[in-house]
$ cat target_35.cif   # mmCIF, C-alpha atoms
data_target
loop_
_atom_site.label_atom_id
_atom_site.label_comp_id
_atom_site.auth_asym_id
_atom_site.auth_seq_id
_atom_site.Cartn_x
_atom_site.Cartn_y
_atom_site.Cartn_z
CA MET A 1 47.70 -5.34 -23.10
CA GLY A 2 46.42 -7.64 -20.37
CA ARG A 3 45.45 -4.72 -18.15
CA LEU A 4 43.59 -3.09 -21.01
CA ARG A 5 41.54 -6.25 -21.58
CA TRP A 6 40.65 -6.42 -17.90
CA ARG A 7 39.58 -2.77 -17.93
CA VAL A 8 37.40 -3.30 -21.01
CA ALA A 9 35.88 -6.43 -19.49
CA ALA A 10 35.19 -4.64 -16.19
CA ALA A 11 33.48 -1.81 -18.05
CA VAL A 12 31.40 -4.05 -20.30
CA LEU A 13 30.43 -6.73 -17.77
CA PRO A 14 27.77 -4.67 -15.89
CA TRP A 15 26.03 -3.88 -19.18
CA VAL A 16 26.12 -7.53 -20.22
CA LEU A 17 24.66 -8.66 -16.89
CA ARG A 18 21.96 -5.99 -17.09
CA TRP A 19 21.06 -7.10 -20.61
CA LEU A 20 20.90 -10.75 -19.53
CA ARG A 21 18.65 -9.91 -16.56
CA TYR A 22 16.42 -7.82 -18.80
CA GLY A 23 16.25 -10.62 -21.36
CA ARG A 24 15.32 -13.21 -18.73
CA ARG A 25 12.71 -10.88 -17.29
CA ARG A 26 11.13 -10.30 -20.69
CA ARG A 27 10.97 -14.04 -21.30
CA ARG A 28 9.37 -14.65 -17.91
CA LEU A 29 6.62 -12.08 -18.18
CA ARG A 30 3.24 -13.62 -18.78
CA ARG A 31 0.03 -12.05 -20.01
CA GLU A 32 -2.99 -14.25 -20.59
CA VAL A 33 -6.72 -13.55 -20.66
CA LEU A 34 -9.28 -16.32 -20.21
CA PHE A 35 -12.97 -16.01 -20.97
CA PHE A 36 -15.78 -18.15 -19.64
CA PRO A 37 -18.05 -20.08 -19.90
CA SER A 38 -15.46 -22.75 -20.58
CA GLN A 39 -15.88 -25.85 -22.66
CA VAL A 40 -16.08 -28.92 -20.45
CA THR A 41 -12.85 -30.85 -21.08
CA CYS A 42 -10.97 -33.67 -19.38
CA THR A 43 -8.33 -32.32 -16.99
CA GLU A 44 -6.92 -35.61 -15.71
CA ALA A 45 -3.69 -35.25 -17.71
CA LEU A 46 -2.93 -31.97 -15.95
CA LEU A 47 -3.48 -33.52 -12.52
CA ARG A 48 -1.21 -36.44 -13.37
CA ALA A 49 1.54 -34.29 -14.92
CA PRO A 50 1.10 -30.48 -14.73
CA GLY A 51 3.22 -29.86 -17.83
CA ALA A 52 1.38 -32.38 -19.96
CA ALA A 53 -0.94 -31.44 -22.77
CA PRO A 54 -4.63 -32.26 -22.23
CA SER A 55 -4.40 -34.64 -25.18
CA ALA A 56 -1.75 -36.71 -23.35
CA LEU A 57 -4.35 -39.07 -21.98
CA PRO A 58 -4.88 -42.18 -24.08
CA ASP A 59 -7.89 -42.41 -26.34
CA SER A 60 -9.17 -45.12 -24.02
CA CYS A 61 -9.88 -42.57 -21.25
CA PRO A 62 -13.41 -43.56 -20.16
CA CYS A 63 -14.61 -40.07 -19.25
CA GLY A 64 -15.92 -39.33 -22.76
CA LEU A 65 -14.96 -35.65 -22.54
CA PRO A 66 -12.86 -33.79 -25.14
CA HIS A 67 -9.13 -33.72 -24.35
CA GLY A 68 -8.31 -30.34 -25.86
CA GLU A 69 -7.41 -27.02 -24.24
CA SER A 70 -10.05 -24.90 -22.54
CA SER A 71 -10.16 -21.85 -20.32
CA LEU A 72 -10.51 -24.16 -17.32
CA SER A 73 -7.47 -26.25 -18.28
CA ARG A 74 -5.38 -23.11 -18.82
CA LEU A 75 -6.42 -21.79 -15.41
CA MET A 76 -5.51 -25.13 -13.83
CA ARG A 77 -2.15 -25.10 -15.61
CA ALA A 78 -1.37 -21.68 -14.13
CA LEU A 79 -2.25 -22.94 -10.65
CA LEU A 80 -0.33 -26.20 -10.95
CA ALA A 81 2.82 -24.28 -11.87
CA ALA A 82 3.15 -23.32 -8.19
CA ARG A 83 6.28 -24.68 -6.53
CA VAL A 84 6.50 -22.71 -3.26
CA SER A 85 3.29 -20.91 -2.34
CA LEU A 86 -0.29 -20.26 -3.37
CA GLU A 87 -2.49 -17.56 -1.86
CA LEU A 88 -6.21 -17.75 -2.72
CA CYS A 89 -8.74 -15.05 -1.92
CA LEU A 90 -12.13 -16.18 -3.23
CA PHE A 91 -15.77 -15.39 -2.61
CA ALA A 92 -16.86 -18.93 -3.54
CA PHE A 93 -14.78 -22.04 -4.19
CA SER A 94 -16.52 -25.33 -5.01
CA SER A 95 -15.16 -26.41 -8.41
CA PRO A 96 -14.07 -30.08 -8.10
CA GLN A 97 -11.32 -29.69 -10.72
CA LEU A 98 -9.80 -26.58 -9.17
CA GLY A 99 -10.21 -28.08 -5.71
CA ARG A 100 -8.25 -31.17 -6.74
CA ALA A 101 -5.53 -28.99 -8.23
CA VAL A 102 -5.16 -27.07 -4.96
CA GLN A 103 -5.16 -30.29 -2.95
CA LEU A 104 -2.45 -31.70 -5.18
CA LEU A 105 -0.27 -28.63 -4.62
CA HIS A 106 -0.76 -28.98 -0.87
CA GLN A 107 0.29 -32.63 -1.05
CA ARG A 108 3.44 -31.63 -2.95
CA GLY A 109 4.48 -29.33 -0.14
CA VAL A 110 3.32 -26.01 -1.61
CA ARG A 111 2.17 -23.64 1.15
CA VAL A 112 -1.51 -23.00 0.40
CA ARG A 113 -3.57 -20.38 2.22
CA VAL A 114 -7.21 -19.65 1.43
CA VAL A 115 -9.42 -16.70 2.39
CA THR A 116 -13.12 -17.04 1.62
CA ASP A 117 -16.51 -15.67 2.59
CA CYS A 118 -18.09 -17.21 5.69
CA ASP A 119 -21.26 -18.04 3.75
CA TYR A 120 -19.23 -20.59 1.75
CA ILE A 121 -17.53 -22.61 4.47
CA GLY A 122 -20.34 -24.90 5.57
CA PRO A 123 -22.41 -26.45 2.75
CA PRO A 124 -21.32 -29.72 1.11
CA GLY A 125 -18.85 -29.07 -1.70
CA SER A 126 -17.76 -25.77 -0.14
CA THR A 127 -14.24 -24.66 0.57
CA ARG A 128 -14.45 -25.92 4.14
CA SER A 129 -15.62 -29.36 3.08
CA HIS A 130 -13.17 -30.25 0.35
CA LEU A 131 -10.11 -28.30 1.50
CA VAL A 132 -10.03 -28.25 5.27
CA LEU A 133 -11.61 -31.58 6.14
CA SER A 134 -10.00 -33.54 3.32
CA ALA A 135 -6.55 -31.97 3.05
CA GLY A 136 -5.93 -29.79 6.09
CA ILE A 137 -5.31 -26.63 4.08
CA GLN A 138 -5.38 -23.37 6.03
CA VAL A 139 -8.63 -21.48 5.45
CA ARG A 140 -9.77 -18.23 7.04
CA HIS A 141 -13.08 -16.42 6.58
CA ASP A 142 -14.74 -13.14 7.44
CA GLN A 143 -16.97 -12.50 10.43
CA ASP A 144 -18.62 -9.26 9.36
CA LEU A 145 -21.83 -8.45 7.51
CA GLY A 146 -20.24 -7.51 4.18
CA TYR A 147 -19.16 -10.06 1.62
CA MET A 148 -15.52 -11.05 1.19
CA HIS A 149 -15.95 -10.61 -2.55
CA HIS A 150 -12.37 -10.78 -3.82
CA LYS A 151 -11.50 -13.29 -6.53
CA PHE A 152 -7.74 -13.59 -6.94
CA ALA A 153 -4.78 -15.92 -6.50
CA VAL A 154 -1.03 -15.36 -6.31
CA VAL A 155 1.27 -18.17 -7.47
CA ASP A 156 4.80 -18.30 -6.01
CA ARG A 157 4.52 -14.60 -5.14
CA ARG A 158 5.14 -13.95 -8.83
CA VAL A 159 2.01 -14.61 -10.91
CA LEU A 160 -1.33 -12.91 -10.31
CA ILE A 161 -4.62 -14.55 -11.29
CA THR A 162 -7.67 -12.30 -10.97
CA GLY A 163 -10.98 -11.47 -12.61
CA SER A 164 -14.72 -11.82 -12.20
CA LEU A 165 -14.78 -15.64 -11.97
CA ASN A 166 -16.07 -17.40 -8.88
CA TRP A 167 -14.35 -20.78 -8.71
CA THR A 168 -17.58 -22.75 -9.00
CA THR A 169 -18.91 -25.15 -11.62
CA GLN A 170 -21.85 -22.83 -12.25
CA ALA A 171 -19.59 -19.89 -13.07
CA ILE A 172 -17.08 -21.93 -15.09
CA GLN A 173 -19.65 -23.68 -17.27
CA ASN A 174 -22.49 -21.15 -17.52
CA ASN A 175 -21.47 -17.58 -16.70
CA ARG A 176 -19.81 -14.97 -18.86
CA GLU A 177 -16.65 -14.31 -16.85
CA ASN A 178 -13.05 -13.26 -17.30
CA VAL A 179 -9.69 -14.14 -15.73
CA LEU A 180 -6.40 -12.30 -16.18
CA ILE A 181 -3.12 -14.14 -15.57
CA MET A 182 -0.13 -11.84 -15.40
CA GLU A 183 3.41 -11.40 -14.13
CA ASP A 184 3.90 -7.87 -12.86
CA ASP A 185 5.93 -7.19 -9.73
CA GLU A 186 3.97 -4.10 -8.72
CA TYR A 187 0.51 -5.63 -9.10
CA VAL A 188 1.60 -8.84 -7.39
CA ARG A 189 2.98 -6.82 -4.48
CA LEU A 190 -0.27 -4.90 -4.05
CA PHE A 191 -2.43 -8.04 -4.12
CA LEU A 192 -0.10 -9.81 -1.68
CA GLU A 193 -0.33 -6.87 0.69
CA GLU A 194 -4.13 -7.05 0.52
CA PHE A 195 -4.06 -10.79 1.11
CA GLU A 196 -1.79 -10.48 4.15
CA ARG A 197 -3.97 -7.69 5.55
CA ILE A 198 -7.12 -9.79 5.23
CA TRP A 199 -5.36 -12.94 6.43
CA GLU A 200 -4.40 -11.17 9.66
CA GLU A 201 -7.80 -9.48 10.01
CA PHE A 202 -9.53 -12.86 9.71
CA ASN A 203 -7.28 -14.52 12.29
CA PRO A 204 -9.65 -16.72 14.37
CA ARG A 205 -8.01 -15.49 17.56
CA LYS A 206 -9.56 -12.09 16.83
CA TYR A 207 -13.12 -13.36 16.35
CA THR A 208 -15.63 -11.71 18.65
CA PHE A 209 -18.91 -12.72 17.01
CA PHE A 210 -20.38 -14.53 14.03
CA PRO A 211 -22.81 -12.80 11.69
CA GLN A 212 -26.47 -13.39 12.40
CA LYS A 213 -28.03 -11.13 9.78
CA LYS A 214 -28.26 -11.82 6.09
CA LYS A 215 -25.72 -9.85 4.10
CA SER A 216 -26.88 -7.37 1.50
CA HIS A 217 -25.24 -7.93 -1.89
#
$ encode --input "target_35.cif" --output "structure tokens"
Amino acid sequence: MGRLRWRVAAAVLPWVLRWLRYGRRRRRLRREVLFFPSQVTCTEALLRAPGAAPSALPDSCPCGLPHGESSLSRLMRALLAARVSLELCLFAFSSPQLGRAVQLLHQRGVRVRVVTDCDYIGPPGSTRSHLVLSAGIQVRHDQDLGYMHHKFAVVDRRVLITGSLNWTTQAIQNNRENVLIMEDDEYVRLFLEEFERIWEEFNPRKYTFFPQKKKSH
């Protein structure tokens, strides 16, 4: 009788484990679409505690902004979920709120790498100013005449964030934009491969010139 039980258990166990893995995978998968322009809301609660609701700040918060959810706060929440790594590939990155979120991740020990267009590394408020000088985050940029026009992020090599949105205050508050947040192994793999390809292509050791002509959009 004991041998029979062991045989039944041995036969059933692989199916049970497969079902458990499938169940966990289904629970993990994320699909979220964000549309902009976004309502201007207070995001301080997210920066203090990433899992907190925007309404967690006391009513005495002096900012005067609404404390509800918004497309911006949901985007920040997806970013602040990073625990190991964050890859950013962005045409323009000057949003103070998103910049603070990325800085906070860097301070927590998350490996952050940023690829951006060379036209957006110099002016005040640009990626170069508020990421490299202030926090020491790795940033690489193109040196050719075409725009580095990608707009995507990969969180923990598991969650893809992509869409039309430039990470700027202008785009967030005024433009009609979209962002897709999704967990899909195949799409994540493809975007990571593209990031690594560009990251290596934009290695400063390979620079031979800097663009002198104005790029055509």
$ atom_distance --input "target_35.cif" --atom1 "CA of Gly163 (chain A)" --atom2 "CA of Ser71 (chain A)"
13.0 Å
$ resolve_selection --input "target_35.cif" --expression "the PyMOL selection byres ((chain A and resi 141-144) around 6)" --output "ChimeraX atom specification"
/A:115-118,140,145-146,202,210-211
$ closest_residue --input "target_35.cif" --among "A:Pro204, A:Pro62, A:Pro37, A:Pro96" --to "Val139 (chain A)" --atoms "only C-alpha atoms"
A:Pro204
$ axis_aligned_box --input "target_35.cif" --around "region 95-103 of chain A" --padding-each-side "4 Å" --output "JSON"
{"center_x": -10.2, "center_y": -28.8, "center_z": -6.8, "size_x": 18.0, "size_y": 12.8, "size_z": 15.8}
$ closest_residue --input "target_35.cif" --among "A:Ile137, A:Met76, A:Arg108, A:Asp156" --to "Ser95 (chain A)" --atoms "only C-alpha atoms"
A:Met76
$ resolve_selection --input "target_35.cif" --expression "the PyMOL selection byres ((chain A and resi 162) around 6)" --output "PyMOL selection string"
chain A and resi 151-152+161+163+179-180
$ residues_around --input "target_35.cif" --residues "region 167-176 of chain A" --least-positions-apart "2" --cutoff "10 Å" --atoms "all atoms listed in the file" --output "short mmCIF file (atom, residue, chain, number, x, y, z; two decimals) with C-alpha atoms, in the frame of the given file"
data_model
loop_
_atom_site.label_atom_id
_atom_site.label_comp_id
_atom_site.auth_asym_id
_atom_site.auth_seq_id
_atom_site.Cartn_x
_atom_site.Cartn_y
_atom_site.Cartn_z
CA PHE A 35 -12.97 -16.01 -20.97
CA PHE A 36 -15.78 -18.15 -19.64
CA PRO A 37 -18.05 -20.08 -19.90
CA SER A 38 -15.46 -22.75 -20.58
CA GLN A 39 -15.88 -25.85 -22.66
CA VAL A 40 -16.08 -28.92 -20.45
CA SER A 71 -10.16 -21.85 -20.32
CA LEU A 72 -10.51 -24.16 -17.32
CA LEU A 90 -12.13 -16.18 -3.23
CA PHE A 91 -15.77 -15.39 -2.61
CA ALA A 92 -16.86 -18.93 -3.54
CA PHE A 93 -14.78 -22.04 -4.19
CA SER A 94 -16.52 -25.33 -5.01
CA SER A 95 -15.16 -26.41 -8.41
CA PRO A 96 -14.07 -30.08 -8.10
CA GLN A 97 -11.32 -29.69 -10.72
CA LEU A 98 -9.80 -26.58 -9.17
CA GLY A 99 -10.21 -28.08 -5.71
CA GLY A 125 -18.85 -29.07 -1.70
CA SER A 126 -17.76 -25.77 -0.14
CA LYS A 151 -11.50 -13.29 -6.53
CA PHE A 152 -7.74 -13.59 -6.94
CA SER A 164 -14.72 -11.82 -12.20
CA LEU A 165 -14.78 -15.64 -11.97
CA ASN A 178 -13.05 -13.26 -17.30
#
$ atom_distance --input "target_35.cif" --atom1 "CA of Pro66 (chain A)" --atom2 "CA of Glu44 (chain A)"
11.3 Å
$ atom_distance --input "target_35.cif" --atom1 "CA of Thr41 (chain A)" --atom2 "CA of Gly68 (chain A)"
6.6 Å
